[in-house]
file entry10.pdb (PDB, C-alpha atoms, pLDDT in the B column)
ATOM      1  CA  MET W  53     -16.132 -17.394  29.162  1.00 39.00           C
ATOM      2  CA  ALA W  54     -12.634 -15.937  29.151  1.00 46.00           C
ATOM      3  CA  ASN W  55     -11.909 -12.787  31.100  1.00 47.00           C
ATOM      4  CA  TRP W  56     -11.600 -10.523  28.034  1.00 49.00           C
ATOM      5  CA  PRO W  57     -11.607  -7.141  29.853  1.00 53.00           C
ATOM      6  CA  ALA W  58      -8.473  -8.144  31.796  1.00 56.00           C
ATOM      7  CA  GLN W  59      -6.535  -8.643  28.568  1.00 59.00           C
ATOM      8  CA  SER W  60      -5.070  -6.066  26.240  1.00 63.00           C
ATOM      9  CA  HIS W  61      -5.602  -6.321  22.473  1.00 67.00           C
ATOM     10  CA  VAL W  62      -4.967  -4.181  19.428  1.00 69.00           C
ATOM     11  CA  HIS W  63      -7.777  -3.405  17.010  1.00 74.00           C
ATOM     12  CA  LEU W  64      -6.886  -2.151  13.559  1.00 76.00           C
ATOM     13  CA  PHE W  65      -9.223  -0.002  11.478  1.00 83.00           C
ATOM     14  CA  THR W  66      -8.221   1.183   8.022  1.00 82.00           C
ATOM     15  CA  GLY W  67      -9.620   3.665   5.565  1.00 87.00           C
ATOM     16  CA  LYS W  68      -9.017   7.053   4.026  1.00 89.00           C
ATOM     17  CA  ALA W  69      -9.056  10.187   6.178  1.00 91.00           C
ATOM     18  CA  SER W  70      -7.698  13.702   5.859  1.00 92.00           C
ATOM     19  CA  SER W  71      -6.708  14.011   9.533  1.00 93.00           C
ATOM     20  CA  VAL W  72      -6.105  12.024  12.686  1.00 92.00           C
ATOM     21  CA  ASP W  73      -9.368  13.324  14.142  1.00 93.00           C
ATOM     22  CA  GLU W  74     -11.317  12.212  11.073  1.00 93.00           C
ATOM     23  CA  ALA W  75      -9.670   8.777  11.152  1.00 92.00           C
ATOM     24  CA  LEU W  76     -10.558   8.248  14.798  1.00 93.00           C
ATOM     25  CA  ALA W  77     -14.131   9.445  14.228  1.00 94.00           C
ATOM     26  CA  ARG W  78     -14.586   7.132  11.211  1.00 92.00           C
ATOM     27  CA  ALA W  79     -13.135   4.157  13.091  1.00 91.00           C
ATOM     28  CA  HIS W  80     -15.513   4.826  15.972  1.00 92.00           C
ATOM     29  CA  GLN W  81     -18.483   5.090  13.568  1.00 91.00           C
ATOM     30  CA  VAL W  82     -17.570   1.792  11.903  1.00 90.00           C
ATOM     31  CA  TYR W  83     -17.229   0.072  15.263  1.00 90.00           C
ATOM     32  CA  ASP W  84     -20.546   1.473  16.504  1.00 91.00           C
ATOM     33  CA  ALA W  85     -22.346   0.372  13.320  1.00 90.00           C
ATOM     34  CA  ALA W  86     -20.863  -3.129  13.489  1.00 89.00           C
ATOM     35  CA  ASN W  87     -21.678  -3.469  17.181  1.00 89.00           C
ATOM     36  CA  ALA W  88     -25.270  -2.253  16.690  1.00 91.00           C
ATOM     37  CA  ALA W  89     -25.796  -4.686  13.791  1.00 90.00           C
ATOM     38  CA  ARG W  90     -24.460  -7.592  15.830  1.00 88.00           C
ATOM     39  CA  GLN W  91     -26.680  -6.758  18.798  1.00 88.00           C
ATOM     40  CA  ALA W  92     -29.707  -6.570  16.472  1.00 92.00           C
ATOM     41  CA  GLY W  93     -28.851  -9.956  14.967  1.00 91.00           C
ATOM     42  CA  LEU W  94     -28.016  -8.420  11.591  1.00 91.00           C
ATOM     43  CA  GLU W  95     -25.052  -8.914   9.303  1.00 89.00           C
ATOM     44  CA  ILE W  96     -22.155  -6.552  10.008  1.00 85.00           C
ATOM     45  CA  PRO W  97     -22.097  -3.779   7.384  1.00 84.00           C
ATOM     46  CA  GLY W  98     -19.461  -4.200   4.727  1.00 80.00           C
ATOM     47  CA  GLN W  99     -16.940  -1.678   3.565  1.00 84.00           C
ATOM     48  CA  GLN W 100     -18.275   1.866   3.558  1.00 80.00           C
ATOM     49  CA  ASP W 101     -17.165   4.968   1.660  1.00 79.00           C
ATOM     50  CA  GLY W 102     -13.502   5.787   2.092  1.00 83.00           C
ATOM     51  CA  GLY W 103     -12.682   2.111   2.538  1.00 87.00           C
ATOM     52  CA  TRP W 104     -13.831   1.935   6.158  1.00 90.00           C
ATOM     53  CA  GLY W 105     -15.411  -1.260   7.436  1.00 85.00           C
ATOM     54  CA  ALA W 106     -15.316  -3.896  10.167  1.00 84.00           C
ATOM     55  CA  ARG W 107     -15.029  -7.665   9.832  1.00 80.00           C
ATOM     56  CA  GLY W 108     -16.248  -8.638  13.273  1.00 78.00           C
ATOM     57  CA  VAL W 109     -17.054  -7.622  16.821  1.00 81.00           C
ATOM     58  CA  ARG W 110     -16.527  -9.655  19.981  1.00 79.00           C
ATOM     59  CA  ASP W 111     -19.108  -9.641  22.729  1.00 77.00           C
ATOM     60  CA  GLY W 112     -17.848  -8.108  25.949  1.00 77.00           C
ATOM     61  CA  TRP W 113     -14.964  -6.177  24.437  1.00 78.00           C
ATOM     62  CA  GLU W 114     -15.046  -2.466  25.108  1.00 80.00           C
ATOM     63  CA  LEU W 115     -12.603  -0.378  23.118  1.00 85.00           C
ATOM     64  CA  ASP W 116     -10.664   2.333  24.945  1.00 87.00           C
ATOM     65  CA  TRP W 117     -11.288   5.207  22.539  1.00 88.00           C
ATOM     66  CA  ALA W 118      -9.439   7.674  24.805  1.00 90.00           C
ATOM     67  CA  ALA W 119      -6.253   5.665  24.183  1.00 89.00           C
ATOM     68  CA  ALA W 120      -6.851   5.268  20.427  1.00 90.00           C
ATOM     69  CA  LYS W 121      -4.158   6.467  18.027  1.00 89.00           C
ATOM     70  CA  ALA W 122      -4.201   7.087  14.301  1.00 89.00           C
ATOM     71  CA  GLY W 123      -1.449   7.410  11.735  1.00 86.00           C
ATOM     72  CA  ARG W 124      -0.400   6.534   8.228  1.00 82.00           C
ATOM     73  CA  TRP W 125      -0.277   2.776   7.654  1.00 76.00           C
ATOM     74  CA  SER W 126       3.055   1.338   6.609  1.00 73.00           C
ATOM     75  CA  ASN W 127       2.743  -2.263   5.482  1.00 74.00           C
ATOM     76  CA  PRO W 128       5.717  -4.131   6.964  1.00 73.00           C
ATOM     77  CA  ASP W 129       5.545  -6.658   4.119  1.00 77.00           C
ATOM     78  CA  SER W 130       5.530  -4.123   1.280  1.00 75.00           C
ATOM     79  CA  TRP W 131       8.396  -4.285  -1.182  1.00 71.00           C
ATOM     80  CA  THR W 132       8.273  -0.463  -1.359  1.00 71.00           C
ATOM     81  CA  ARG W 133       9.021  -0.100   2.349  1.00 62.00           C
ATOM     82  CA  THR W 134      12.034   2.173   2.772  1.00 62.00           C
ATOM     83  CA  LYS W 135      13.186   0.874   6.154  1.00 58.00           C
ATOM     84  CA  PRO W 136      14.912  -2.522   5.885  1.00 58.00           C
ATOM     85  CA  TYR W 137      13.758  -5.416   8.054  1.00 53.00           C
ATOM     86  CA  GLU W 138      15.560  -5.840  11.312  1.00 53.00           C
ATOM     87  CA  LEU W 139      16.513  -9.435  12.010  1.00 50.00           C
TER
END

call {"tool": "encode", "arguments": {"input": "entry10.pdb", "output": "structure tokens"}}
result
Amino acid sequence: MANWPAQSHVHLFTGKASSVDEALARAHQVYDAANAARQAGLEIPGQQDGGWGARGVRDGWELDWAAAKAGRWSNPDSWTRTKPYEL
């Protein structure tokens, strides 16, 4: 098995929230629900209210919630993006 804890990865959670605190709390809830389902041998819950959901969970990966950040998503591929691509 690879040494996952020694590596750094980014996990992206999306959904609607009215504040940074709410977004972080909802992301944590989605992760906890997905992780609990996986450990119980159940299917990972689909998208929940507000658009929150998880697609998968990897065994042995612990998320650093103290370092988690939240902000408005800006799709870099959107044609409505105001900032031009930098080449």

call {"tool": "residues_around", "arguments": {"input": "entry10.pdb", "residues": "range 84-100 of chain W", "least_positions_apart": "2", "cutoff": "12 Å", "atoms": "only C-alpha atoms", "output": "NGL selection string"}}
result
:W and (65-68 or 77-82 or 102-115 or 117)

call {"tool": "atom_distance", "arguments": {"input": "entry10.pdb", "atom1": "CA of Gly123 in chain W", "atom2": "CA of Asp101 in chain W"}}
result
18.8 Å

call {"tool": "atom_distance", "arguments": {"input": "entry10.pdb", "atom1": "CA of Asp73 in chain W", "atom2": "CA of Ala122 in chain W"}}
result
8.1 Å

call {"tool": "atom_distance", "arguments": {"input": "entry10.pdb", "atom1": "CA of Ser126 in chain W", "atom2": "CA of Ser71 in chain W"}}
result
16.3 Å
